[in-house]
Structures are given as structure tokens and as C-alpha cells.
Number of protein chains: 2
Amino acid sequence: MPAHPIIALDAMGGDSGPSVVVAGAALAKQRYPDLRVRFYGREDAIRAELAKAPALAGDSAIVHTDVQVAATDKPSQAIRRSRDSSMGLAIQAVKSGEAHAAVSAGNTGAMMAMAKLMLRTMEGIDRPALAALLPTLGENDLVMLDLGANTECDTENLIQFAVMGAAYARTVLGVSKPRVKLLNIGTEELKGTDELKDAAAALREADYLSMEFTGFTEGDKLSSGEADVIVTDGFSGNIALKTAEGTARFVTDLLRRAFTSSMRSKAGFLLSRPALHMLKVHLDPNNHNGAVFLGLNGLVVKSHGGADAKGVANAISVAYKMVRADITRRIAEDLENFRAHHPEAGQA
Amino acid sequence: MPAHPIIALDAMGGDSGPSVVVAGAALAKQRYPDLRVRFYGREDAIRAELAKAPALAGDSAIVHTDVQVAATDKPSQAIRRSRDSSMGLAIQAVKSGEAHAAVSAGNTGAMMAMAKLMLRTMEGIDRPALAALLPTLGENDLVMLDLGANTECDTENLIQFAVMGAAYARTVLGVSKPRVKLLNIGTEELKGTDELKDAAAALREADYLSMEFTGFTEGDKLSSGEADVIVTDGFSGNIALKTAEGTARFVTDLLRRAFTSSMRSKAGFLLSRPALHMLKVHLDPNNHNGAVFLGLNGLVVKSHGGADAKGVANAISVAYKMVRADITRRIAEDLENFRAHHPEAGQA
């Protein structure tokens with residue numbers, strides 16, 4: 001475990017670039033005084049922002065580059081300039097050991113492709129997955145993966161995602177034996193695709209893993225608190241995550257309309273404002289920012305493109321906690337354990 | 001168009017059986033005085049409920065059966081007793097012409113299998129799809145399909161769903177040229193599975209259809225009002241629908257907690273109650289009840305198992321409106337039109 005977790009930050013990623021990234025890093029530094037950061041991007045812009053954050057400035061370094069991955073770049077285009085771009089240099093810093101984790105709010109597809117190319121997948125992992133924390137009505141947040149890195153997944157991918165998701169939940173949620181479920185269109189054993197049924201059968205028998213596999217769950221149970229980890233292919237995971245975000249916004253929009261529909265309800269709104277503020281805080285995506293690419297030989301965190309400084313600070317916190325918890329080693333141990341019981345797996 | 005739309009009702013389906021089904025039919029009869037209904041199920045139980053609804057009793061018939069499809073029946077089991085069950089007899093009545101549409105709140109898988117077996121798919125349709133109306137922030141509800149009838153779909157299925165969904169939207173939403181989108185994990189042309197990309201390419205060129213195909217949409221735009229029809233495979237559709245339901249419930253639960261967190265917010269709640277009631281009405285699944293199996297030679301509507309009398313009345317209203325609008329013929333015409341432009345399609 002390093003004395004000072006060093007996080008490599010792509011200062012140019014996201015909708016607002018250096019202003020939000022540096023402000024977010026300054027907030028994270030307040031939370032974790034031993035944090036060190038390395039910024040990658042346009043030096044003059046970063047330096048101007050750092051002037052406003054003296055506590056951070058002393059514990060940070062800047063690596064200049066004019067090259068940026070655009071939001072519209074295809075992964076193949078991004079890879080061609082990977083060595084020079086702010087995103088590519090941040091990931092490269094993890095590979096070279098100059099940083100313990102990288103955080104970027106840039107183009108997800110480009111990030112995935114570069115991270116895979118530079119860091120390579122861990123032994124026993126065919127494809128990395130994108131995992132994030134979602135709010136629930138239970139005591140803990142929920143780990144959900146894959147959220148869009150892999151459009152189609154086979155049985156082995158789903159099993160590997162379950163192992164990685166459980167290791168991640170043990171680390172960030174502090175649950176010793178996470179309850180793991182597979183997302184499906186019904187809870188009966190016969191429901192869903194062959195890939196799901198086969199993955200469920202394998203996980204049901206894998207009682208030597210540090211998780212409790214409890215079968216299938218459905219879309220309406222995501223936030224119920226019944227699971228610590230929900231595993232799905234990237235297509236369904238992306239649909240579910242975005243539908244949840246859109247629906248939460250839809251309901252709060254309806255609520256706003258309801259509150260402005262009469263003088264009486266406006267008065268009610270004013271009285272209820274502190275309570276409604278709690279709701280807003282709970283649902284604010286910035287409070288759940290920081291999706292993690294799991295399964296790579298190195299830590300890479302995706303921040304939301306529209307995140308504000310608090311959101312960036314949360315993404316950096318996710319990276320910081322994973323470095324502190326040595327998550328890459330933990331996942332490797334779990335995979336090793338799974339392979340020892342399944343000598344036929346991982347040969348694909 | 002029939003003088004009196006006759007709806008066949010499975011009186012035994014759903015969580016509450018005849019009490020809710022008969023009460024729902026009585027409500028629907030108030031809305032549509034020319035409605036006729038035929039009940040299938042236990043005669044004594046139905047007759048007891050009908051005694052409370054004299055306006056309906058005179059315009060209804062009862063066909064007795066003791067046999068019921070159980071919620072836990074596999075489709076194959078259900079089919080074996082299809083001729084005798086309340087669900088099977090209701091669907092059979094559509095086939096024989098005794099009724100113009102059937103409504104059941106029973107086991108969805110069994111309903112799909114029976115309806116396909118008895119009514120057969122329309123010429124040019126490989127698989128029927130389950131379509132429902134969802135609330136949006138726009139002026140109209142949204143038609144979404146498939147919602148779980150087909151776990152995996154190929155390009156042809158998706159195109160057929162688009163044609164059927166557009167015909168349905170023209171009928172129930174009254175939109176002359178519905179805006180149709182495919183659900184995907186991004187809006188760029190390169191995103192998603194090959195099936196989605198190929199379906200999009202075909203629909204983009206099909207400008208002779210009575211729809212405006214406007215590309216891909218994502219989960220967070222479902223309720224934005226940007227589309228009249230959203231097409232997806234049954235797996236993703238089911239995940240999206242249930243995630244939306246679960247998230248709406250999650251947010252309203254948080255809201256309830258927020259409102260009971262202090263005396264001040266409780267007072268705010270009391271003042272805001274009429275406005276919050278509007279929100280509740282808007283989100284109540286009973287107000288959007290009635291999913292339709294499209295693509296069969298006959299109309300079958302699925303009511304939610306937990307629907308109340310108002311929910312059942314809404315499902316019956318959906319069936320009534322489709323009979324009045326002659327939807328089966330309209331879909332057949334659109335498919336004919338599509339086949340005329342694509343002689344290679346529908347040969348599969």
C-alpha cells in the first residue's frame with residue numbers, strides 16, 4: 001500500500017475541462033490530505049486553476065500536452081493518438097507506475113480501448129467491465145456491472161463480472177460476503193438467455209467464493225436493497241442505468257410541475273424545502289460519480305462528462321479508496337481461487 | 001366495425017380474480033355503453049359479482065369453467081389445458097368470432113403461447129410483440145414494444161415491431177405519422193448490436209411507411225416525449241420497463257421519507273397534497289394498464305396481475321378502442337405495404 005496514493009487526472013476530459021477537474025481535485029485533497037495528483041493537459045490552463053487551490057498546488061505535478069481525445073472520436077482514432085493525448089498519458093502513468101490510478105471524464109469507448117491496450121486484462125479475465133455504485137433504499141449503495149463496456153457477453157464474462165463485482169463490493173461497501181444477483185426478465189430458473197442460465201448454475205455451485213449468489217433479479221428491484229452486486233451484460237446494464245436516471249428526472253420534473261400548479265402547493269413546497277433538498281442530494285448523480293473499469297492490470301475510473309467539482313472529487317475518492325484497498329490484488333486472488341476450482345475456465 | 005364490441009374476459013386471471021375483473025368491466029361499461037362482455041371462469045363467483053353491477057349484467061354472458069392457468073404454469077403445461085381454462089376459452093372466443101378481443105391478467109408466458117397457437121401470427125410477422133403505453137413529459141403517451149415476449153430478436157423482428165408499433169400509435173395516440181426510435185446504448189450510427197444497426201438502416205430508407213424513423217434513443221430519454229414509438233427486443237424492453245417502474249417507486253418512497261422527516265415537512269406535505277395527488281395519478285400503473293399482443297390474427301390484451309378495478313377497466317378500454325379502430329386490418333395493410341417494397345422480406 002503506497003504512502004501517498006497518486007492519482008493521474010485527465011484535465012481535459014468532460015464538458016468543462018481543467019476548471020472543474022482542478023476544483024474537484026482540490027475538494028478531494030481536503031478529504032484525503034495524503035493525496036497526490038498528476039494533471040495531464042494544457043499546462044497554462046491547469047496552472048491558472050491551480051493558483052486558486054494552494055493546498056493542492058504543492059502536492060501536484062503537471063504534464064503538458066495539447067492533444068485531446070474528442071467526444072466524437074472512434075476508439076480506433078483515439079488509440080492512434082493515445083501516447084500524446086491527455087487521456088492516454090494519464091492511463092500510461094498507471095502503466096509506468098508514476099500513478100496508482102487514472103481518472104478521466106472523456107469519451108468512454110476511447111478510454112476502454114486505451115486502457116485495455118496499455119494495461120491489458122488480468123489473467124483469467126477476457127474482458128474488463130465498467131462498474132458503478134447506485135443508490136438504494138437499503139443501508140448500502142449497490143455495485144452494478146457491466147454498464148456499457150461490452151455490448152454482448154457470454155457465460156464466462158458474466159461469471160468473471162460477478163467475481164470482480166463481489167471483490168469491489170467488499171472493498172468499497174465493506175460487506176464481507178456480498179449478495180450477488182444476475183439481472184434477468186424473471187426470477188424463475190428457466191427465465192432468460194442461455195448465457196444467464198449457465199452463469200447462474202455455475203455461480204450457485206461456487207460456494208468457495210467470498211459472495212452469496214442469490215439468483216436472478218429484475219429491473220424493478222434494482223434499488224430495493226436486496227443485492228449488493230447486480231451483474232448484467234453491458235447492453236442491458238446501460239439501458240437499466242440510463243432508464244433509472246431518466247425516470248428519476250421524470251418523477252422530479254413531475255413533482256416540480258405539481259408544486260407550481262397552485263398557490264397552495266407553492267406554500268407547501270416552501271415548507272417542505274429542507275426535506276426535498278434531502279431527496280435531491282440523494283438522487284444527484286454527482287454523489288454517485290466514478291465508474292470503475294474492473295479487470296485491468298491497473299486502476300482506471302470514468303467520471304461523468306457533466307460532473308461538477310463535487311462529482312469529480314467523488315470520482316477521485318473512488319480511485320483513492322481502491323488504491324488504499326489494493327483492489328487489483330484482491331480481484332486477482334478471487335480469480336485465482338475460482339480458477340483453482342474450475343481448471344477448464346479461462347482457457348478460452 | 002362491429003355494432004357492439006364484444007370483449008372476452010378471463011375472470012380468473014390476476015391476483016384477485018372475479019371480484020376485480022367484474023368490477024373493472026362494470027366501470028368500462030360506464031365509459032362505453034355499447035360494450036358487451038363475455039366472462040370465462042367459475043359461474044357462481046362471477047354471478048355473485050355481477051349482482052352488484054346490474055347495468056352490466058344484461059349485456060354480459062358467462063361461460064363456466066373450473067380450470068385455471070396458474071401463475072407458476074410453464075407455457076407448455078398451460079397449452080395442454082388450453083381448451084378448458086378460463087384464459088384459453090377467452091382467447092378461443094376471439095378465434096371463433098364470438099368475441100372481438102380477449103383480456104386476461106393471467107400468466108404472460110402462457111398467454112403468449114396460447115394466443116400464438118390459437119390465433120397464429122399475421123402474414124409477414126415472425127413473432128408477436130407485447131406493446132404498452134408509457135407516460136411521458138410530452139403531450140402523448142409513448143408506445144413501447146417488445147416488453148418481454150421475445151428474449152432475443154433479429155433484424156426482421158425489430159423492423160416488424162416498428163411497423164406494428166407505428167400502426168398501434170396511429171390508432172391509440174391518434175398521431176398520423178408517429179416518430180419511431182430504436183432503443184440503443186448510444187445515438188451514434190455505429191453503436192449497438194448488428195441487429196440494431198441493420199434494422200435502423202432498413203427503417204431509414206422505408207420512407208413509404210406511415211412513420212418517421214428518427215434513429216436511436218437511450219434509456220434516459222424514454223419519458224422525454226421525443227418519440228411516439230420505441231422499439232426494442234423483449235429482454236431490454238422488459239429491463240427498461242421494470243427499471244422505470246422500480247425507479248418511480250424508489251423516488252416516491254424517498255419523497256415519503258423526506259415528507260415525514262420533520263414536523264415542518266409534514267405540514268408542507270398537507271398543503272401540497274392536491275399537487276402530490278396529481279403526481280400519484282400520473283404514475284399509477286393502473287392508469288397505464290393494458291399491454292397488447294401485436295401481430296396476431298386477433299386481439300389479446302394483457303392486464304397487470306395486481307391491477308385494481310380501474311386498471312382492469314383501462315385494459316378493457318384498450319381492447320375496446322383497438323376493436324373500434326380495426327387495428328388488425330391496419331397493421332396488415334402496413335405490412336403489405338412494407339412487403340411490396342421488400343419482396344425479399346418475410347420469406348424467412
# chains A, B, ... in the order shown; residues from 1 in each chain; ligands from 1
$ interface_residues --of "chain B" --to "chain A" --cutoff "6 Å" --atoms "only C-alpha atoms" --output "MDAnalysis selection string"
chainID B and resid 219:220 236 239:240 242:247 258 265 268 271:272 275
$ write_last_selection --atoms "all heavy atoms" --output "compact mmCIF listing (two decimals), in the first residue's frame"
# COMPACT_ATOMS: atom_id res chain seq x y z
N GLY B 219 -31.95 4.94 -22.82
CA GLY B 219 -32.84 4.71 -21.68
C GLY B 219 -33.25 5.97 -20.96
O GLY B 219 -34.36 6.04 -20.42
N ASP B 220 -32.40 6.99 -20.95
CA ASP B 220 -32.75 8.19 -20.19
C ASP B 220 -33.70 9.11 -20.96
O ASP B 220 -34.11 10.14 -20.43
CB ASP B 220 -31.50 8.96 -19.74
CG ASP B 220 -30.60 9.32 -20.91
OD1 ASP B 220 -30.83 8.80 -22.02
OD2 ASP B 220 -29.67 10.11 -20.71
N SER B 236 -34.35 -6.32 -23.36
CA SER B 236 -34.06 -4.93 -22.99
C SER B 236 -35.35 -4.19 -22.64
O SER B 236 -35.36 -3.34 -21.75
CB SER B 236 -33.37 -4.20 -24.14
OG SER B 236 -32.25 -4.91 -24.57
N ILE B 239 -36.39 -5.11 -19.16
CA ILE B 239 -35.47 -4.48 -18.19
C ILE B 239 -35.80 -2.99 -18.07
O ILE B 239 -35.91 -2.44 -16.96
CB ILE B 239 -34.00 -4.64 -18.65
CG1 ILE B 239 -33.60 -6.12 -18.73
CG2 ILE B 239 -33.05 -3.84 -17.77
CD1 ILE B 239 -33.25 -6.79 -17.46
N ALA B 240 -36.01 -2.32 -19.20
CA ALA B 240 -36.27 -0.88 -19.17
C ALA B 240 -37.60 -0.58 -18.48
O ALA B 240 -37.68 0.28 -17.60
CB ALA B 240 -36.27 -0.31 -20.59
N LYS B 242 -39.35 -2.38 -16.33
CA LYS B 242 -39.35 -2.67 -14.89
C LYS B 242 -38.43 -1.71 -14.14
O LYS B 242 -38.72 -1.34 -13.00
CB LYS B 242 -38.94 -4.12 -14.64
CG LYS B 242 -40.05 -5.07 -15.05
CD LYS B 242 -39.80 -6.48 -14.57
CE LYS B 242 -40.92 -7.40 -15.05
NZ LYS B 242 -40.44 -8.77 -15.24
N THR B 243 -37.31 -1.31 -14.77
CA THR B 243 -36.43 -0.35 -14.12
C THR B 243 -37.15 0.99 -13.94
O THR B 243 -37.03 1.64 -12.90
CB THR B 243 -35.13 -0.15 -14.93
OG1 THR B 243 -34.46 -1.41 -15.03
CG2 THR B 243 -34.19 0.84 -14.26
N ALA B 244 -37.92 1.38 -14.96
CA ALA B 244 -38.68 2.63 -14.85
C ALA B 244 -39.71 2.54 -13.72
O ALA B 244 -39.82 3.45 -12.89
CB ALA B 244 -39.36 2.94 -16.18
N GLU B 245 -40.43 1.42 -13.66
CA GLU B 245 -41.42 1.24 -12.58
C GLU B 245 -40.74 1.29 -11.21
O GLU B 245 -41.20 1.95 -10.29
CB GLU B 245 -42.12 -0.12 -12.72
CG GLU B 245 -43.13 -0.20 -13.85
CD GLU B 245 -43.69 -1.62 -14.03
OE1 GLU B 245 -43.34 -2.52 -13.22
OE2 GLU B 245 -44.45 -1.82 -14.99
N GLY B 246 -39.62 0.54 -11.10
CA GLY B 246 -38.92 0.46 -9.82
C GLY B 246 -38.35 1.81 -9.40
O GLY B 246 -38.40 2.18 -8.23
N THR B 247 -37.83 2.57 -10.36
CA THR B 247 -37.24 3.87 -10.03
C THR B 247 -38.32 4.86 -9.62
O THR B 247 -38.12 5.64 -8.68
CB THR B 247 -36.42 4.41 -11.21
OG1 THR B 247 -35.50 3.41 -11.63
CG2 THR B 247 -35.66 5.66 -10.82
N ALA B 258 -38.85 11.79 3.01
CA ALA B 258 -38.48 13.20 3.17
C ALA B 258 -39.62 13.95 3.86
O ALA B 258 -39.40 14.76 4.76
CB ALA B 258 -38.17 13.82 1.81
N SER B 265 -41.90 19.56 7.45
CA SER B 265 -42.16 18.98 6.14
C SER B 265 -43.50 18.26 6.13
O SER B 265 -44.16 18.17 5.10
CB SER B 265 -41.02 18.05 5.73
OG SER B 265 -40.84 17.03 6.66
N GLY B 268 -45.84 20.86 5.26
CA GLY B 268 -45.69 21.11 3.83
C GLY B 268 -46.41 20.06 3.01
O GLY B 268 -47.09 20.35 2.02
N LEU B 271 -50.18 20.68 2.91
CA LEU B 271 -50.52 21.77 1.98
C LEU B 271 -50.39 21.32 0.53
O LEU B 271 -51.14 21.74 -0.35
CB LEU B 271 -49.59 22.96 2.21
CG LEU B 271 -50.06 23.98 3.23
CD1 LEU B 271 -48.98 25.04 3.43
CD2 LEU B 271 -51.36 24.64 2.78
N SER B 272 -49.40 20.47 0.27
CA SER B 272 -49.10 20.10 -1.11
C SER B 272 -49.92 18.91 -1.59
O SER B 272 -49.76 18.47 -2.72
CB SER B 272 -47.62 19.72 -1.25
OG SER B 272 -46.80 20.60 -0.54
N ALA B 275 -51.48 18.62 -5.08
CA ALA B 275 -50.48 18.57 -6.15
C ALA B 275 -49.83 17.19 -6.20
O ALA B 275 -49.61 16.61 -7.26
CB ALA B 275 -49.42 19.64 -5.91
$ residues_around --residues "Leu119 of chain A" --least-positions-apart "6" --cutoff "9 Å" --atoms "only C-alpha atoms" --output "PyMOL selection string"
chain A and resi 91-92+94-95+296-299
$ residues_around --residues "Ala319 of chain B" --least-positions-apart "3" --cutoff "10 Å" --atoms "only C-alpha atoms" --output "list of chain:residue names"
B:Pro5, B:Ile6, B:Ile7, B:Ala8, B:His100, B:Ala101, B:Ala102, B:Val103, B:Gly290, B:Ala291, B:Val292, B:Leu299, B:Val300, B:Val301, B:Lys302, B:Ala313, B:Asn314, B:Ala315, B:Ile316, B:Met322, B:Val323, B:Arg324, B:Ala325
$ write_last_selection --atoms "C-alpha atoms" --output "CSV table (one decimal), in the first residue's frame"
chain,number,residue,atom,x,y,z
B,5,PRO,CA,-67.6,-4.6,-29.5
B,6,ILE,CA,-67.6,-7.8,-27.6
B,7,ILE,CA,-64.7,-8.4,-25.2
B,8,ALA,CA,-63.9,-11.9,-23.8
B,100,HIS,CA,-63.6,-9.2,-30.9
B,101,ALA,CA,-60.8,-9.2,-28.3
B,102,ALA,CA,-59.7,-11.1,-25.2
B,103,VAL,CA,-58.4,-9.6,-21.9
B,290,GLY,CA,-53.3,-3.0,-20.8
B,291,ALA,CA,-50.4,-4.3,-22.8
B,292,VAL,CA,-51.3,-5.6,-26.3
B,299,LEU,CA,-56.7,-9.0,-30.4
B,300,VAL,CA,-55.4,-10.1,-27.0
B,301,VAL,CA,-54.7,-7.7,-24.1
B,302,LYS,CA,-52.7,-8.4,-21.1
B,313,ALA,CA,-61.3,-1.1,-16.9
B,314,ASN,CA,-58.4,0.6,-18.6
B,315,ALA,CA,-57.2,-2.7,-20.1
B,316,ILE,CA,-60.8,-3.3,-21.4
B,322,MET,CA,-58.5,-1.4,-30.8
B,323,VAL,CA,-61.6,-3.1,-31.9
B,324,ARG,CA,-63.3,0.2,-32.9
B,325,ALA,CA,-60.1,1.2,-34.8
$ residues_around --residues "Val172 of chain A" --least-positions-apart "2" --cutoff "12 Å" --atoms "only C-alpha atoms" --output "VMD selection string"
chain A and resid 131 to 133 140 to 143 165 to 170 174 to 176 178 228 to 229 290 292 317 to 327
$ atom_distance --atom1 "atom CA of Ala110 of chain A" --atom2 "atom CA of Leu56 of chain A"
28.7 Å
$ select_by_dssp --residues "segment 107-176 of chain A" --states "alpha helix (DSSP H)" --output "PyMOL selection string"
chain A and resi 108-119+155-172
$ atom_distance --atom1 "atom CA of Gly97 of chain B" --atom2 "atom CA of Pro54 of chain B"
25.9 Å
